[in-house]
>>> print(open('final21.txt').read())   # compact mmCIF, C-alpha atoms and all ligand atoms
# COMPACT_ATOMS: atom_id res chain seq x y z
CA MET J 5 324.49 115.27 103.33
CA ILE J 6 324.99 113.09 100.20
CA ASN J 7 321.95 112.76 97.99
CA VAL J 8 322.27 110.59 94.88
CA LYS J 9 319.38 110.88 92.43
CA ASN J 10 318.75 108.60 89.46
CA VAL J 11 322.42 108.22 88.51
CA LYS J 12 323.19 106.39 85.28
CA LYS J 13 326.55 105.43 83.81
CA SER J 14 327.41 103.46 80.68
CA TYR J 15 330.67 102.32 79.16
CA GLY J 16 329.89 102.27 75.44
CA ALA J 17 326.48 102.38 73.81
CA MET J 18 325.20 98.94 74.88
CA ASN J 19 326.86 98.67 78.27
CA GLU J 20 324.79 100.44 80.93
CA ILE J 21 326.47 99.73 84.29
CA LEU J 22 324.45 102.00 86.63
CA LYS J 23 320.77 102.01 85.72
CA GLY J 24 319.25 104.78 87.81
CA ILE J 25 320.64 104.71 91.34
CA SER J 26 319.18 106.82 94.17
CA PHE J 27 319.97 106.98 97.89
CA THR J 28 320.88 109.42 100.66
CA ILE J 29 323.68 109.21 103.19
CA ASP J 30 323.91 111.16 106.46
CA GLU J 31 327.07 112.81 107.74
CA GLY J 32 329.07 110.39 109.88
CA ASP J 33 327.28 107.27 108.64
CA PHE J 34 329.05 103.94 108.09
CA VAL J 35 327.73 102.62 104.78
CA VAL J 36 328.55 99.30 103.15
CA ILE J 37 327.68 98.70 99.50
CA LEU J 38 327.21 94.99 98.74
CA GLY J 39 326.76 93.26 95.41
CA ALA J 40 328.03 90.45 93.23
CA SER J 41 331.09 90.82 91.03
CA GLY J 42 330.27 93.04 88.06
CA SER J 43 327.13 94.54 89.65
CA GLY J 44 328.62 98.05 89.39
CA LYS J 45 329.89 98.67 92.94
CA SER J 46 333.24 100.17 91.97
CA THR J 47 331.64 102.27 89.25
CA LEU J 48 329.15 103.61 91.80
CA LEU J 49 331.96 104.45 94.23
CA HIS J 50 333.90 106.28 91.50
CA VAL J 51 330.89 108.31 90.47
CA VAL J 52 329.78 109.26 94.01
CA SER J 53 333.34 110.24 94.99
CA GLY J 54 333.81 112.44 91.93
CA ILE J 55 336.52 110.26 90.34
CA GLU J 56 334.20 109.70 87.37
CA VAL J 57 331.27 111.68 86.00
CA PRO J 58 327.82 110.08 85.58
CA ASP J 59 326.01 110.23 82.22
CA SER J 60 322.91 111.59 83.95
CA GLY J 61 321.46 112.09 87.41
CA GLU J 62 322.45 114.27 90.35
CA ILE J 63 324.95 113.82 93.18
CA TYR J 64 324.45 116.43 95.88
CA TYR J 65 326.92 117.11 98.65
CA ASP J 66 324.77 119.46 100.72
CA GLU J 67 323.57 121.98 98.14
CA SER J 68 326.21 121.28 95.44
CA ASN J 69 325.48 118.90 92.58
CA ILE J 70 328.97 117.56 91.75
CA ALA J 71 327.62 115.90 88.59
CA LEU J 72 327.65 119.41 87.09
CA PHE J 73 331.20 120.27 88.19
CA SER J 74 333.98 120.98 85.67
CA ASP J 75 337.16 118.89 85.86
CA ARG J 76 338.84 121.66 87.82
CA GLU J 77 335.96 121.96 90.27
CA LEU J 78 335.92 118.18 90.73
CA THR J 79 339.66 118.08 91.45
CA GLN J 80 339.23 120.77 94.08
CA PHE J 81 336.15 119.03 95.50
CA ARG J 82 338.01 115.70 95.85
CA LYS J 83 341.01 117.39 97.41
CA GLU J 84 338.90 119.03 100.10
CA ASN J 85 336.35 116.32 100.80
CA ILE J 86 337.33 112.83 99.69
CA GLY J 87 339.74 110.13 100.83
CA PHE J 88 339.97 106.99 98.70
CA VAL J 89 341.37 103.57 99.61
CA PHE J 90 341.80 100.85 96.97
CA GLN J 91 342.19 97.10 97.32
CA GLN J 92 345.70 97.33 95.86
CA TYR J 93 347.05 100.11 98.18
CA TYR J 94 348.84 102.09 95.41
CA LEU J 95 351.69 103.26 97.63
CA LEU J 96 354.74 104.86 96.07
CA PRO J 97 357.48 102.21 96.32
CA HIS J 98 360.41 104.64 96.47
CA MET J 99 358.95 106.56 99.41
CA ASN J 100 358.92 105.39 103.02
CA VAL J 101 355.78 105.26 105.20
CA ASP J 102 356.28 108.80 106.44
CA LYS J 103 356.61 110.24 102.92
CA ASN J 104 353.67 108.25 101.54
CA VAL J 105 351.38 109.62 104.24
CA LYS J 106 352.86 113.11 103.97
CA MET J 107 351.88 113.10 100.31
CA GLY J 108 348.19 112.99 101.31
CA ALA J 109 348.72 115.61 104.01
CA ASP J 110 350.54 117.99 101.65
CA LEU J 111 347.46 118.21 99.42
CA VAL J 112 345.76 120.26 102.12
CA GLY J 113 348.80 121.54 104.05
CA ASN J 114 348.19 119.35 107.11
CA GLN J 115 351.34 119.61 109.28
CA ASP J 116 349.89 117.17 111.78
CA TYR J 117 349.95 114.05 109.63
CA ARG J 118 352.25 111.98 111.89
CA LYS J 119 349.37 111.72 114.35
CA MET J 120 347.61 109.62 111.73
CA ILE J 121 350.63 107.31 111.35
CA GLU J 122 350.58 106.86 115.10
CA ALA J 123 346.80 106.36 115.22
CA ILE J 124 347.03 103.54 112.71
CA GLY J 125 349.80 101.84 114.68
CA LEU J 126 352.73 102.42 112.34
CA LYS J 127 354.89 104.88 114.25
CA ALA J 128 357.65 102.30 114.72
CA LYS J 129 357.69 101.56 110.97
CA MET J 130 357.63 105.17 109.76
CA ASN J 131 360.98 104.88 107.99
CA LEU J 132 360.32 101.57 106.22
CA TYR J 133 359.46 101.25 102.54
CA PRO J 134 356.27 99.54 101.25
CA SER J 135 358.22 96.42 100.18
CA GLU J 136 359.33 96.00 103.81
CA LEU J 137 355.73 95.90 105.09
CA SER J 138 353.05 93.19 105.22
CA GLY J 139 349.88 93.59 103.12
CA GLY J 140 347.88 94.71 106.17
CA GLU J 141 350.51 97.28 107.06
CA GLN J 142 350.57 98.60 103.49
CA GLN J 143 346.80 98.95 103.56
CA ARG J 144 347.04 100.81 106.87
CA VAL J 145 349.54 103.21 105.23
CA SER J 146 347.10 103.82 102.39
CA ILE J 147 344.31 104.50 104.92
CA ALA J 148 346.58 106.89 106.84
CA ARG J 149 347.43 108.64 103.56
CA ALA J 150 343.73 109.02 102.72
CA LEU J 151 342.90 110.30 106.22
CA ALA J 152 345.91 112.62 106.42
CA LYS J 153 344.02 115.09 104.26
CA LYS J 154 341.18 115.10 106.82
CA PRO J 155 338.45 114.09 104.37
CA ARG J 156 334.77 114.43 105.05
CA VAL J 157 334.10 111.09 103.37
CA LEU J 158 336.35 108.03 103.26
CA PHE J 159 335.63 105.74 100.29
CA LEU J 160 337.04 102.22 100.41
CA ASP J 161 336.89 99.74 97.53
CA GLU J 162 337.36 96.18 98.85
CA PRO J 163 339.97 97.34 101.39
CA THR J 164 340.39 93.84 102.80
CA GLY J 165 340.10 91.99 99.47
CA ALA J 166 343.81 91.15 99.35
CA LEU J 167 344.18 90.38 103.07
CA ASP J 168 343.82 87.23 105.15
CA GLU J 169 341.11 87.09 107.81
CA GLN J 170 343.11 88.19 110.84
CA THR J 171 344.79 91.06 108.99
CA GLY J 172 341.49 92.06 107.39
CA ARG J 173 339.81 92.27 110.79
CA GLN J 174 342.65 94.42 112.14
CA VAL J 175 342.39 96.83 109.23
CA LEU J 176 338.59 97.12 109.65
CA ASP J 177 339.04 97.66 113.39
CA TYR J 178 341.39 100.59 112.73
CA ILE J 179 338.92 102.06 110.22
CA SER J 180 335.99 101.99 112.64
CA LYS J 181 338.06 103.27 115.58
CA LEU J 182 339.40 106.15 113.50
CA GLN J 183 335.86 106.99 112.42
CA LYS J 184 334.80 107.25 116.06
CA GLN J 185 337.77 109.53 116.73
CA TYR J 186 337.47 111.79 113.67
CA GLY J 187 333.80 111.52 112.66
CA PHE J 188 334.22 111.13 108.89
CA THR J 189 331.61 109.30 106.81
CA ILE J 190 332.53 105.82 105.52
CA ILE J 191 331.33 104.38 102.21
CA MET J 192 332.83 100.93 101.69
CA VAL J 193 332.36 98.46 98.87
CA THR J 194 332.77 94.77 99.58
CA HIS J 195 331.43 91.44 98.49
CA ASN J 196 331.97 89.98 101.95
CA GLU J 197 328.43 90.12 103.39
CA ASN J 198 329.76 89.62 106.92
CA ILE J 199 331.44 93.02 106.84
CA ALA J 200 328.02 94.63 106.43
CA GLN J 201 327.33 93.73 110.08
CA MET J 202 329.78 96.49 111.04
CA ALA J 203 327.86 99.08 109.05
CA HIS J 204 324.88 101.22 110.00
CA THR J 205 323.50 101.46 106.44
CA ILE J 206 323.65 98.60 103.94
CA ILE J 207 323.00 99.24 100.25
CA LYS J 208 322.67 96.16 98.06
CA ILE J 209 323.08 96.50 94.33
CA ASN J 210 322.28 94.00 91.64
CA SER J 211 322.99 94.52 87.92
CA GLY J 212 323.37 98.27 88.32
CA GLN J 213 320.22 98.80 90.37
CA ILE J 214 319.57 99.05 94.09
CA SER J 215 317.85 95.90 95.29
CA HIS J 216 317.67 96.75 99.01
CA ILE J 217 318.62 99.43 101.54
CA SER J 218 318.55 98.60 105.24
CA THR J 219 319.85 99.96 108.51
CA ASN J 220 321.46 98.00 111.25
CA ALA J 221 320.70 98.91 114.87
CA MET J 222 323.29 96.57 116.37
CA MET J 223 326.59 97.29 114.66
CA LYS J 224 329.24 94.67 115.41
CA THR J 225 332.97 95.17 115.79
CA ALA J 226 335.52 93.76 113.35
CA PHE J 227 336.24 90.94 115.80
CA GLU J 228 332.56 90.00 116.32
CA ILE J 229 331.53 89.54 112.69
CA GLY J 230 331.83 86.26 110.77
CA TRP J 231 334.29 86.11 107.87
N1 LIG T 301 336.45 101.89 82.51
C1 LIG T 301 335.63 100.92 82.08
N2 LIG T 301 335.44 100.70 80.75
C2 LIG T 301 334.60 99.73 80.32
N3 LIG T 301 333.90 98.92 81.13
C3 LIG T 301 334.06 99.08 82.45
C4 LIG T 301 334.92 100.08 83.00
N4 LIG T 301 334.86 100.01 84.36
C5 LIG T 301 334.00 99.01 84.64
N5 LIG T 301 333.52 98.45 83.51
C6 LIG T 301 332.55 97.33 83.43
O1 LIG T 301 331.48 97.65 84.28
C7 LIG T 301 330.98 96.47 84.91
C8 LIG T 301 330.86 96.72 86.39
O2 LIG T 301 332.16 96.92 86.91
P1 LIG T 301 332.43 97.33 88.43
O3 LIG T 301 333.90 97.30 88.63
O4 LIG T 301 331.71 98.58 88.75
O5 LIG T 301 331.71 96.13 89.20
P2 LIG T 301 331.95 95.59 90.68
O6 LIG T 301 330.60 95.29 91.22
O7 LIG T 301 332.78 96.55 91.44
O8 LIG T 301 332.74 94.28 90.41
P3 LIG T 301 333.90 93.55 91.27
O9 LIG T 301 333.27 93.16 92.58
O10 LIG T 301 334.25 92.36 90.43
O11 LIG T 301 335.02 94.53 91.41
C9 LIG T 301 331.93 95.35 84.56
O12 LIG T 301 331.31 94.55 83.58
C10 LIG T 301 333.13 96.05 83.99
O13 LIG T 301 333.72 95.31 82.96
>>> encode(input="final21.txt", output="structure tokens")
Amino acid sequence: MINVKNVKKSYGAMNEILKGISFTIDEGDFVVILGASGSGKSTLLHVVSGIEVPDSGEIYYDESNIALFSDRELTQFRKENIGFVFQQYYLLPHMNVDKNVKMGADLVGNQDYRKMIEAIGLKAKMNLYPSELSGGEQQRVSIARALAKKPRVLFLDEPTGALDEQTGRQVLDYISKLQKQYGFTIIMVTHNENIAQMAHTIIKINSGQISHISTNAMMKTAFEIGW
């Protein structure tokens, strides 16, 4: 489904961050991208999700190479296919939970978005504002917002990076349960190697290059992994 071929990305003339990355991802896979700080994980996530454009290489979603898309085509592509969750939530502070999630749903006209609020365990807090929620709850709102547009692929950049262990496990548990329910593909960046035990495919990157790709036959739950 996703086929990344020899992708390169630099910031400035001497600063090559992605040095020729290639991999494929199947529909419905749970992929974790591991690597040290500064190895290029976030840059890779931005390029594969169409937030940024690579300098060279190809990024196929089925038959379409999004590396060739115009800005307008990319915006449309992201709207229809991509959900993105960041470490820092990026909720709108003046909107309550319901409105924050509705914002994602409105992008594609999904009337059904409250189901997602319920599925992520926040029905009782629907009318609260982000400042009235814990970090884990805020991250769950941002996941509900991303999933409210029914994306094909959910990208997550260190979704538990700002959370304590127990809250982090809860958030990961919701993510994997929702994947089983809705069948979207997960591509998650983390530097917590334990989280990779939840994934089916593990891509390790080092200094902008892939050092190892492996698959995991025995995926663990969020409460079985180490931390
Ligand atoms: N917009 C940008 N302009 C210039 N340099 C950038 C930009 N974005 C990232 N970089 C540089 O690219 C390198 C890789 O950054 P990236 O965020 O992809 O790494 P990472 O593996 O996700 O790191 P971390 O785990 O610390 O978030 C870093 O040296 C960073 O300074």
>>> closest_atom_pairs(input="final21.txt", of="chain J", to="ligand LIG 301 (chain T)", cutoff="10 Å", atoms="all atoms listed in the file", output="Markdown table")
| residue | atom | partner | partner_atom | distance |
| --- | --- | --- | --- | --- |
| J:Lys13 | CA | T:LIG301 | O1 | 9.2 |
| J:Ser14 | CA | T:LIG301 | N3 | 7.9 |
| J:Tyr15 | CA | T:LIG301 | C2 | 4.8 |
| J:Gly16 | CA | T:LIG301 | C2 | 7.2 |
| J:Asn19 | CA | T:LIG301 | N3 | 7.6 |
| J:Glu20 | CA | T:LIG301 | O1 | 8.0 |
| J:Ile21 | CA | T:LIG301 | O1 | 5.4 |
| J:Leu22 | CA | T:LIG301 | O4 | 8.3 |
| J:Ile37 | CA | T:LIG301 | O6 | 9.4 |
| J:Leu38 | CA | T:LIG301 | O6 | 8.3 |
| J:Gly39 | CA | T:LIG301 | O6 | 6.0 |
| J:Ala40 | CA | T:LIG301 | O6 | 5.8 |
| J:Ser41 | CA | T:LIG301 | O9 | 3.6 |
| J:Gly42 | CA | T:LIG301 | O5 | 3.6 |
| J:Ser43 | CA | T:LIG301 | O6 | 3.9 |
| J:Gly44 | CA | T:LIG301 | O4 | 3.2 |
| J:Lys45 | CA | T:LIG301 | O6 | 3.9 |
| J:Ser46 | CA | T:LIG301 | O7 | 3.7 |
| J:Thr47 | CA | T:LIG301 | O4 | 3.7 |
| J:Leu48 | CA | T:LIG301 | O4 | 6.4 |
| J:Leu49 | CA | T:LIG301 | O4 | 8.0 |
| J:His50 | CA | T:LIG301 | O4 | 8.5 |
| J:Val51 | CA | T:LIG301 | O4 | 9.9 |
| J:Glu56 | CA | T:LIG301 | N1 | 9.5 |
| J:Gln91 | CA | T:LIG301 | O11 | 9.6 |
| J:Asp161 | CA | T:LIG301 | O7 | 8.0 |
| J:Glu162 | CA | T:LIG301 | O11 | 8.0 |
| J:Gly165 | CA | T:LIG301 | O9 | 9.8 |
| J:Val193 | CA | T:LIG301 | O7 | 7.7 |
| J:Thr194 | CA | T:LIG301 | O9 | 7.2 |
| J:His195 | CA | T:LIG301 | O9 | 6.4 |
| J:Asn196 | CA | T:LIG301 | O9 | 10.0 |
| J:Ile209 | CA | T:LIG301 | O6 | 8.2 |
| J:Asn210 | CA | T:LIG301 | O6 | 8.4 |
| J:Ser211 | CA | T:LIG301 | C8 | 8.3 |
| J:Gly212 | CA | T:LIG301 | C8 | 7.9 |
>>> atom_distance(input="final21.txt", atom1="CA of Tyr93 in chain J", atom2="CA of Asn220 in chain J")
28.8 Å
>>> atom_distance(input="final21.txt", atom1="CA of Arg118 in chain J", atom2="CA of Ala152 in chain J")
8.4 Å
>>> closest_residue(input="final21.txt", among="J:Gln92, J:Gln185, J:Thr28, J:Asn85", to="Lys154 in chain J", atoms="all atoms listed in the file")
J:Asn85
>>> atom_distance(input="final21.txt", atom1="CA of Gly187 in chain J", atom2="CA of Leu151 in chain J")
11.2 Å
>>> closest_residue(input="final21.txt", among="J:Leu182, J:Ala148, J:Val89, J:Ile199", to="Lys127 in chain J", atoms="all atoms listed in the file")
J:Ala148
>>> axis_aligned_box(input="final21.txt", around="range 188-192 of chain J", padding_each_side="5 Å", output="JSON")
{"center_x": 332.8, "center_y": 106.0, "center_z": 105.3, "size_x": 12.9, "size_y": 20.2, "size_z": 17.2}
>>> closest_residue(input="final21.txt", among="J:Ile86, J:Ala203, J:Ile147, J:Val57", to="Phe73 in chain J", atoms="only C-alpha atoms")
J:Val57
>>> closest_residue(input="final21.txt", among="J:Pro155, J:Pro134, J:Gly61, J:Gly54", to="Lys9 in chain J", atoms="all atoms listed in the file")
J:Gly61
>>> residues_around(input="final21.txt", residues="Gln115 in chain J", least_positions_apart="5", cutoff="12 Å", atoms="all atoms listed in the file", output="list in words")
Val105, Lys106, Met107, Gly108, Ala109, Asp110, Met120, Ala152, Lys153 and Lys154 of chain J
>>> write_last_selection(input="final21.txt", atoms="C-alpha atoms", output="PDB file, in the frame of the given file")
ATOM      1  CA  VAL J 105     351.380 109.620 104.240  1.00  0.00           C
ATOM      2  CA  LYS J 106     352.860 113.110 103.970  1.00  0.00           C
ATOM      3  CA  MET J 107     351.880 113.100 100.310  1.00  0.00           C
ATOM      4  CA  GLY J 108     348.190 112.990 101.310  1.00  0.00           C
ATOM      5  CA  ALA J 109     348.720 115.610 104.010  1.00  0.00           C
ATOM      6  CA  ASP J 110     350.540 117.990 101.650  1.00  0.00           C
ATOM      7  CA  MET J 120     347.610 109.620 111.730  1.00  0.00           C
ATOM      8  CA  ALA J 152     345.910 112.620 106.420  1.00  0.00           C
ATOM      9  CA  LYS J 153     344.020 115.090 104.260  1.00  0.00           C
ATOM     10  CA  LYS J 154     341.180 115.100 106.820  1.00  0.00           C
TER      11      LYS J 154
END
